[in-house]
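Written out below as structure tokens is the structure these notes cover.
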Amino acid sequence: MANPRELELSEDAMRSLVDEATRRIFEHLASLPTQPANGAPEPRALEALARSVIEPLPEHGEDANELLDRLFELVPKSFNTAGPGYLAYIPGGGLFHAAVADLIADAVNRYVGVWAAAPALSQIETTVGRWLADMIGFPKAAHGLLTTGGSMANLVALVTARRNLLPDDFLSARIYASDQVHHSVTKAAVLAGFPRSACVAIPTDADFAMRLPALAAAIDADRREGRTPFCVVASAGTTNTGAIDPLDSIADVAARERLWMHVDAAYGGFFLLTDDGKRRMRGIERADSVTLDPHKAMFLPYGNGALVVRDRETLRRAHSVAAEYLPDMQGDPELVDPCEVSPELSRDFRGLRLWLPLKMHGASVFRAALKEKLSLARLAADGVRRLAHVTMVAEPQLSVLAFRLDLPGLDNAANDARTKDWLAKINGRQRVMLTPTTLRGRFVIRICVLSFRTHEDRIAMALEDIEATHREVVGSS
Ligand SMILES: Cc1ncc(COP(=O)(O)O)c(C=O)c1O
């Protein structure tokens, strides 16, 4: 007979479990710089491994150490997203502090969904949101809601905008975003109930930023044809190239046309901590809502996003639904019940993940790390620009750059194939992992510098590999 009391581990058993886990974690973290940049270069080759974890619900337990051993065999067989060579997609981070914050939050398991259940703990989360609002330059009435990521933040933003500005019948509404906007915005619009045709793609200029005359023309055309311009989504750091839309001018259009202005700053937003970022994102403080992703440029582990709104009441109007079994909600504007301003009721104590590292180091260390990323991206661009027959398709506006080969005598398709081959050779060296994208129909290689573990030595390695493989690829032309 199984013993129900077994679920309450003894102190010795807890200590041993944590010690065994941390021993393996520390070994793993120490090996990150020497692990291959991509531990799953041919995912199909790992199919048997992936299938080995498809199993029925176990009826009986297994030895914890054996389970941990097995888990840590699986971990490296994946993209080395936490390592210094991960310059792919938008790198995450994985500050260890956040893991400790999770251990504490999960072990004490207090309830932060309503203020009354854990006043000071839920206030920590509101305070973290306040810091984000202050960073943007929002007024006192603002609120920062912590989500699980940027996609969820974009979804909550569009639902909030819809519930504040549109009637129940909103099918004629139109949402404008550049042709470079992250696909999560389109997904959010569809999940928020809009037809796919509600999303209007505005063309971009040579720097991949939204073209204002095209935005104005689209709004005019929609009004003339009886549709309802309602929301503009500006990007502050696109995924493809890190492009920043002209936020201040878009804010003028939004004010004139009475549109909700949302800024997807999931990637770029935290660069507001730097002078350069602040200058480039001027006007963001005029938005109605802003998406930020602490699991990108605040280096937290995956699962940490944020939506910051100019006016907390807009969130409340969109989300507040009363129930008899809940305690009284707070009336004081500074004391927020997270469940009243978000889709969630029960939630993890996610505020602690950001609170702990920010309190331990202060914003200055994050600012320094972000400045370092900006200069590393410029260093990488300088190295790439020197190479023959390379077109810099996107210079770093923040910490992303994009480039391709344009060999004379080859047409676009052949050059694209050659660029693809170049990328495979760079990644084949396994010191960095880069990913491609398609820009205006052409295959390009991207570099995104964002990990707190990436420093000058790794960019030097990246450039060594880029240059050596460039010789191989161009030499064979
Ligand atoms: C600009 C931008 N917006 C939104 C998202 C979606 O964020 P998440 O992956 O946290 O859901 C991303 C993800 O890379 C992004 O780069």
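Residue numbering restarts at 1 in every chain; chains get A, B, ... in the order shown in the structure tokens, and ligands count up from 1 in that same order.
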
ask   = Residues at most 10 Å from region 44-54 of chain A, counting only C-alpha atoms, excluding those fewer than 4 positions away in the same chain, as a list in words?
value =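 Counting only the stated atoms, we get Gly39, Ala40, Leu74, Lys77 and Ser78 of chain A.
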
Site check for ligand 1: residues at most 7 Å away, only C-alpha atoms and all ligand atoms, as a CSV table (one decimal) with N, CA and C atoms, in the first residue's frame:
chain,number,residue,atom,x,y,z
A,89,TYR,N,18.0,33.6,-33.2
A,89,TYR,CA,16.7,34.1,-32.9
A,89,TYR,C,16.8,35.3,-32.0
A,90,ILE,N,16.0,35.4,-30.9
A,90,ILE,CA,16.3,36.4,-29.8
A,90,ILE,C,16.8,35.6,-28.6
A,149,GLY,N,5.2,35.6,-21.2
A,149,GLY,CA,6.0,35.9,-22.3
A,149,GLY,C,5.4,37.1,-23.1
A,150,GLY,N,6.1,37.4,-24.2
A,150,GLY,CA,5.7,38.5,-25.1
A,150,GLY,C,4.4,38.2,-25.8
A,151,SER,N,4.2,37.0,-26.2
A,151,SER,CA,3.0,36.6,-27.0
A,151,SER,C,1.8,36.9,-26.1
A,152,MET,N,1.9,36.4,-24.8
A,152,MET,CA,0.7,36.6,-23.9
A,152,MET,C,0.5,38.1,-23.6
A,181,VAL,N,6.3,43.2,-38.3
A,181,VAL,CA,5.8,42.9,-36.9
A,181,VAL,C,5.9,41.4,-36.5
A,182,HIS,N,6.2,41.1,-35.3
A,182,HIS,CA,6.3,39.7,-34.8
A,182,HIS,C,4.9,39.0,-35.0
A,184,SER,N,3.4,37.1,-33.4
A,184,SER,CA,2.5,36.9,-32.2
A,184,SER,C,1.5,38.0,-32.1
A,235,SER,N,6.6,48.5,-33.5
A,235,SER,CA,7.6,47.6,-33.0
A,235,SER,C,8.8,48.5,-32.5
A,237,GLY,N,12.1,47.3,-31.9
A,237,GLY,CA,13.1,46.2,-32.0
A,237,GLY,C,12.4,45.0,-32.7
A,238,THR,N,12.4,44.9,-34.0
A,238,THR,CA,11.8,43.8,-34.7
A,238,THR,C,12.7,42.5,-34.5
A,239,THR,N,12.1,41.4,-34.7
A,239,THR,CA,12.8,40.1,-34.5
A,239,THR,C,13.8,39.9,-35.7
A,264,ASP,N,5.2,46.8,-29.4
A,264,ASP,CA,5.8,45.5,-29.1
A,264,ASP,C,7.3,45.8,-28.9
A,265,ALA,N,7.7,45.9,-27.7
A,265,ALA,CA,9.1,46.1,-27.3
A,265,ALA,C,9.6,44.9,-26.6
A,266,ALA,N,9.1,43.7,-27.0
A,266,ALA,CA,9.5,42.5,-26.3
A,266,ALA,C,11.0,42.3,-26.4
A,267,TYR,N,11.6,42.6,-27.6
A,267,TYR,CA,13.0,42.5,-27.7
A,267,TYR,C,13.7,43.8,-27.2
A,293,ASP,N,9.8,41.9,-22.6
A,293,ASP,CA,10.1,40.5,-22.3
A,293,ASP,C,11.3,40.4,-21.4
A,305,GLY,N,7.4,37.5,-19.3
A,305,GLY,CA,7.0,38.6,-20.1
A,305,GLY,C,6.3,39.7,-19.3

inquiry  = Quick one: residues within 10 Å of Thr186 (chain A), only C-alpha atoms, excluding same-chain residues fewer than 4 positions away - as an MDAnalysis selection string?
reply    = chainID A and resid 151 154:155 175 177 181:182 190:192 194:201

Could you save those same residues with N, CA, C and O atoms as a PDB file, in the first residue's frame?
ATOM      1  N   SER A 151       4.226  36.976 -26.217  1.00  0.00           N
ATOM      2  CA  SER A 151       3.010  36.627 -26.958  1.00  0.00           C
ATOM      3  C   SER A 151       1.778  36.853 -26.081  1.00  0.00           C
ATOM      4  O   SER A 151       0.768  37.407 -26.532  1.00  0.00           O
ATOM      5  N   ASN A 154       1.159  40.563 -25.714  1.00  0.00           N
ATOM      6  CA  ASN A 154       0.508  41.139 -26.899  1.00  0.00           C
ATOM      7  C   ASN A 154      -0.977  40.767 -26.928  1.00  0.00           C
ATOM      8  O   ASN A 154      -1.822  41.582 -27.313  1.00  0.00           O
ATOM      9  N   LEU A 155      -1.295  39.551 -26.527  1.00  0.00           N
ATOM     10  CA  LEU A 155      -2.699  39.126 -26.503  1.00  0.00           C
ATOM     11  C   LEU A 155      -3.494  39.962 -25.481  1.00  0.00           C
ATOM     12  O   LEU A 155      -4.562  40.489 -25.795  1.00  0.00           O
ATOM     13  N   ILE A 175      -6.468  46.858 -37.348  1.00  0.00           N
ATOM     14  CA  ILE A 175      -5.246  46.964 -36.533  1.00  0.00           C
ATOM     15  C   ILE A 175      -4.073  47.123 -37.501  1.00  0.00           C
ATOM     16  O   ILE A 175      -3.914  46.308 -38.415  1.00  0.00           O
ATOM     17  N   ALA A 177      -0.005  47.380 -38.317  1.00  0.00           N
ATOM     18  CA  ALA A 177       1.348  47.055 -37.825  1.00  0.00           C
ATOM     19  C   ALA A 177       2.230  46.921 -39.057  1.00  0.00           C
ATOM     20  O   ALA A 177       1.735  46.661 -40.156  1.00  0.00           O
ATOM     21  N   VAL A 181       6.291  43.160 -38.252  1.00  0.00           N
ATOM     22  CA  VAL A 181       5.844  42.923 -36.867  1.00  0.00           C
ATOM     23  C   VAL A 181       5.947  41.437 -36.528  1.00  0.00           C
ATOM     24  O   VAL A 181       5.837  40.577 -37.411  1.00  0.00           O
ATOM     25  N   HIS A 182       6.162  41.141 -35.266  1.00  0.00           N
ATOM     26  CA  HIS A 182       6.269  39.742 -34.839  1.00  0.00           C
ATOM     27  C   HIS A 182       4.930  39.029 -35.040  1.00  0.00           C
ATOM     28  O   HIS A 182       3.869  39.612 -34.806  1.00  0.00           O
ATOM     29  N   VAL A 190      -6.080  37.447 -33.788  1.00  0.00           N
ATOM     30  CA  VAL A 190      -7.016  36.364 -34.116  1.00  0.00           C
ATOM     31  C   VAL A 190      -7.593  35.771 -32.819  1.00  0.00           C
ATOM     32  O   VAL A 190      -8.808  35.555 -32.706  1.00  0.00           O
ATOM     33  N   LEU A 191      -6.728  35.549 -31.830  1.00  0.00           N
ATOM     34  CA  LEU A 191      -7.220  35.002 -30.559  1.00  0.00           C
ATOM     35  C   LEU A 191      -8.146  35.981 -29.849  1.00  0.00           C
ATOM     36  O   LEU A 191      -9.048  35.573 -29.110  1.00  0.00           O
ATOM     37  N   ALA A 192      -7.930  37.276 -30.089  1.00  0.00           N
ATOM     38  CA  ALA A 192      -8.782  38.293 -29.465  1.00  0.00           C
ATOM     39  C   ALA A 192     -10.124  38.416 -30.205  1.00  0.00           C
ATOM     40  O   ALA A 192     -10.952  39.244 -29.846  1.00  0.00           O
ATOM     41  N   PHE A 194     -10.601  38.949 -33.608  1.00  0.00           N
ATOM     42  CA  PHE A 194     -10.640  39.700 -34.867  1.00  0.00           C
ATOM     43  C   PHE A 194     -10.465  38.744 -36.044  1.00  0.00           C
ATOM     44  O   PHE A 194      -9.704  37.769 -35.944  1.00  0.00           O
ATOM     45  N   PRO A 195     -11.131  39.033 -37.161  1.00  0.00           N
ATOM     46  CA  PRO A 195     -10.839  38.224 -38.345  1.00  0.00           C
ATOM     47  C   PRO A 195      -9.421  38.520 -38.823  1.00  0.00           C
ATOM     48  O   PRO A 195      -8.884  39.600 -38.545  1.00  0.00           O
ATOM     49  N   ARG A 196      -8.830  37.577 -39.513  1.00  0.00           N
ATOM     50  CA  ARG A 196      -7.459  37.747 -40.004  1.00  0.00           C
ATOM     51  C   ARG A 196      -7.325  39.029 -40.830  1.00  0.00           C
ATOM     52  O   ARG A 196      -6.296  39.711 -40.780  1.00  0.00           O
ATOM     53  N   SER A 197      -8.406  39.382 -41.542  1.00  0.00           N
ATOM     54  CA  SER A 197      -8.360  40.565 -42.408  1.00  0.00           C
ATOM     55  C   SER A 197      -8.325  41.874 -41.615  1.00  0.00           C
ATOM     56  O   SER A 197      -8.107  42.944 -42.187  1.00  0.00           O
ATOM     57  N   ALA A 198      -8.518  41.796 -40.297  1.00  0.00           N
ATOM     58  CA  ALA A 198      -8.460  43.025 -39.495  1.00  0.00           C
ATOM     59  C   ALA A 198      -7.025  43.537 -39.381  1.00  0.00           C
ATOM     60  O   ALA A 198      -6.804  44.701 -39.055  1.00  0.00           O
ATOM     61  N   CYS A 199      -6.051  42.665 -39.634  1.00  0.00           N
ATOM     62  CA  CYS A 199      -4.639  43.061 -39.481  1.00  0.00           C
ATOM     63  C   CYS A 199      -4.142  43.632 -40.797  1.00  0.00           C
ATOM     64  O   CYS A 199      -4.102  42.926 -41.810  1.00  0.00           O
ATOM     65  N   VAL A 200      -3.753  44.885 -40.785  1.00  0.00           N
ATOM     66  CA  VAL A 200      -3.298  45.555 -42.003  1.00  0.00           C
ATOM     67  C   VAL A 200      -1.778  45.721 -41.919  1.00  0.00           C
ATOM     68  O   VAL A 200      -1.269  46.326 -40.965  1.00  0.00           O
ATOM     69  N   ALA A 201      -1.078  45.156 -42.910  1.00  0.00           N
ATOM     70  CA  ALA A 201       0.400  45.244 -42.905  1.00  0.00           C
ATOM     71  C   ALA A 201       0.834  46.527 -43.588  1.00  0.00           C
ATOM     72  O   ALA A 201       0.500  46.774 -44.747  1.00  0.00           O
TER      73      ALA A 201
END

Residues flagged strand (DSSP E) by DSSP in region 209-346 of chain A, as a list in words = Thr228, Pro229, Phe230, Cys231, Val232, Val233, Ala234, Ser235, Trp260, Met261, His262, Val263, Asp264, Ala265, Ser289, Val290, Thr291, Leu292, Gly305, Ala306, Leu307, Val308 and Val309 of chain A

ask   = Within 12 Å of Ala369 (chain A), counting only C-alpha atoms, which residues qualify if same-chain residues fewer than 6 places away don't, as a ChimeraX atom specification?
value = /A:93,270-271,273-274,297-299,361-363,375-376,399,449-456

Taking a cut-off of 10 Å and counting only C-alpha atoms, can you build a table that, for each residue of region 365-411 of chain A near region 419-425 of chain A, reports the nearest atom pair and how far apart they are in Å (one decimal), sorted by chain then residue number, as a tab-separated table?
residue	atom	partner	partner_atom	distance
A:Val390	CA	A:Thr419	CA	9.5
A:Phe403	CA	A:Thr419	CA	9.0
A:Arg404	CA	A:Thr419	CA	5.9
A:Leu405	CA	A:Thr419	CA	5.5
A:Asp406	CA	A:Thr419	CA	8.5
A:Leu407	CA	A:Thr419	CA	9.8

Generate the output file for the selected residues, C-alpha atoms, as a short mmCIF file (atom, residue, chain, number, x, y, z; two decimals), in the first residue's frame.
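Output contents, as saved in again_20.cif:
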data_model
loop_
_atom_site.label_atom_id
_atom_site.label_comp_id
_atom_site.auth_asym_id
_atom_site.auth_seq_id
_atom_site.Cartn_x
_atom_site.Cartn_y
_atom_site.Cartn_z
CA VAL A 390 28.89 40.77 -48.31
CA PHE A 403 23.79 40.16 -43.95
CA ARG A 404 24.06 38.02 -47.04
CA LEU A 405 26.43 37.16 -49.85
CA ASP A 406 26.09 38.89 -53.20
CA LEU A 407 28.70 37.31 -55.45
#

request  = Counting only C-alpha atoms, figure out which residue out of A:Phe349, A:Trp355, A:Phe443, A:Tyr86 gets nearest to Ala118 (chain A).
outcome  =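 Closest to Ala118 (chain A) of all the choices is A:Phe349.
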
inquiry  = One decimal, in Å: what's the spacing between CA of Tyr302 (chain A) and CA of Arg353 (chain A)?
reply    =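 One can read the CA of Tyr302 (chain A) to CA of Arg353 (chain A) distance as 10.9 Å.
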
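Take CA of Val432 (chain A) and CA of Gln180 (chain A): the distance between them is 25.4 Å.
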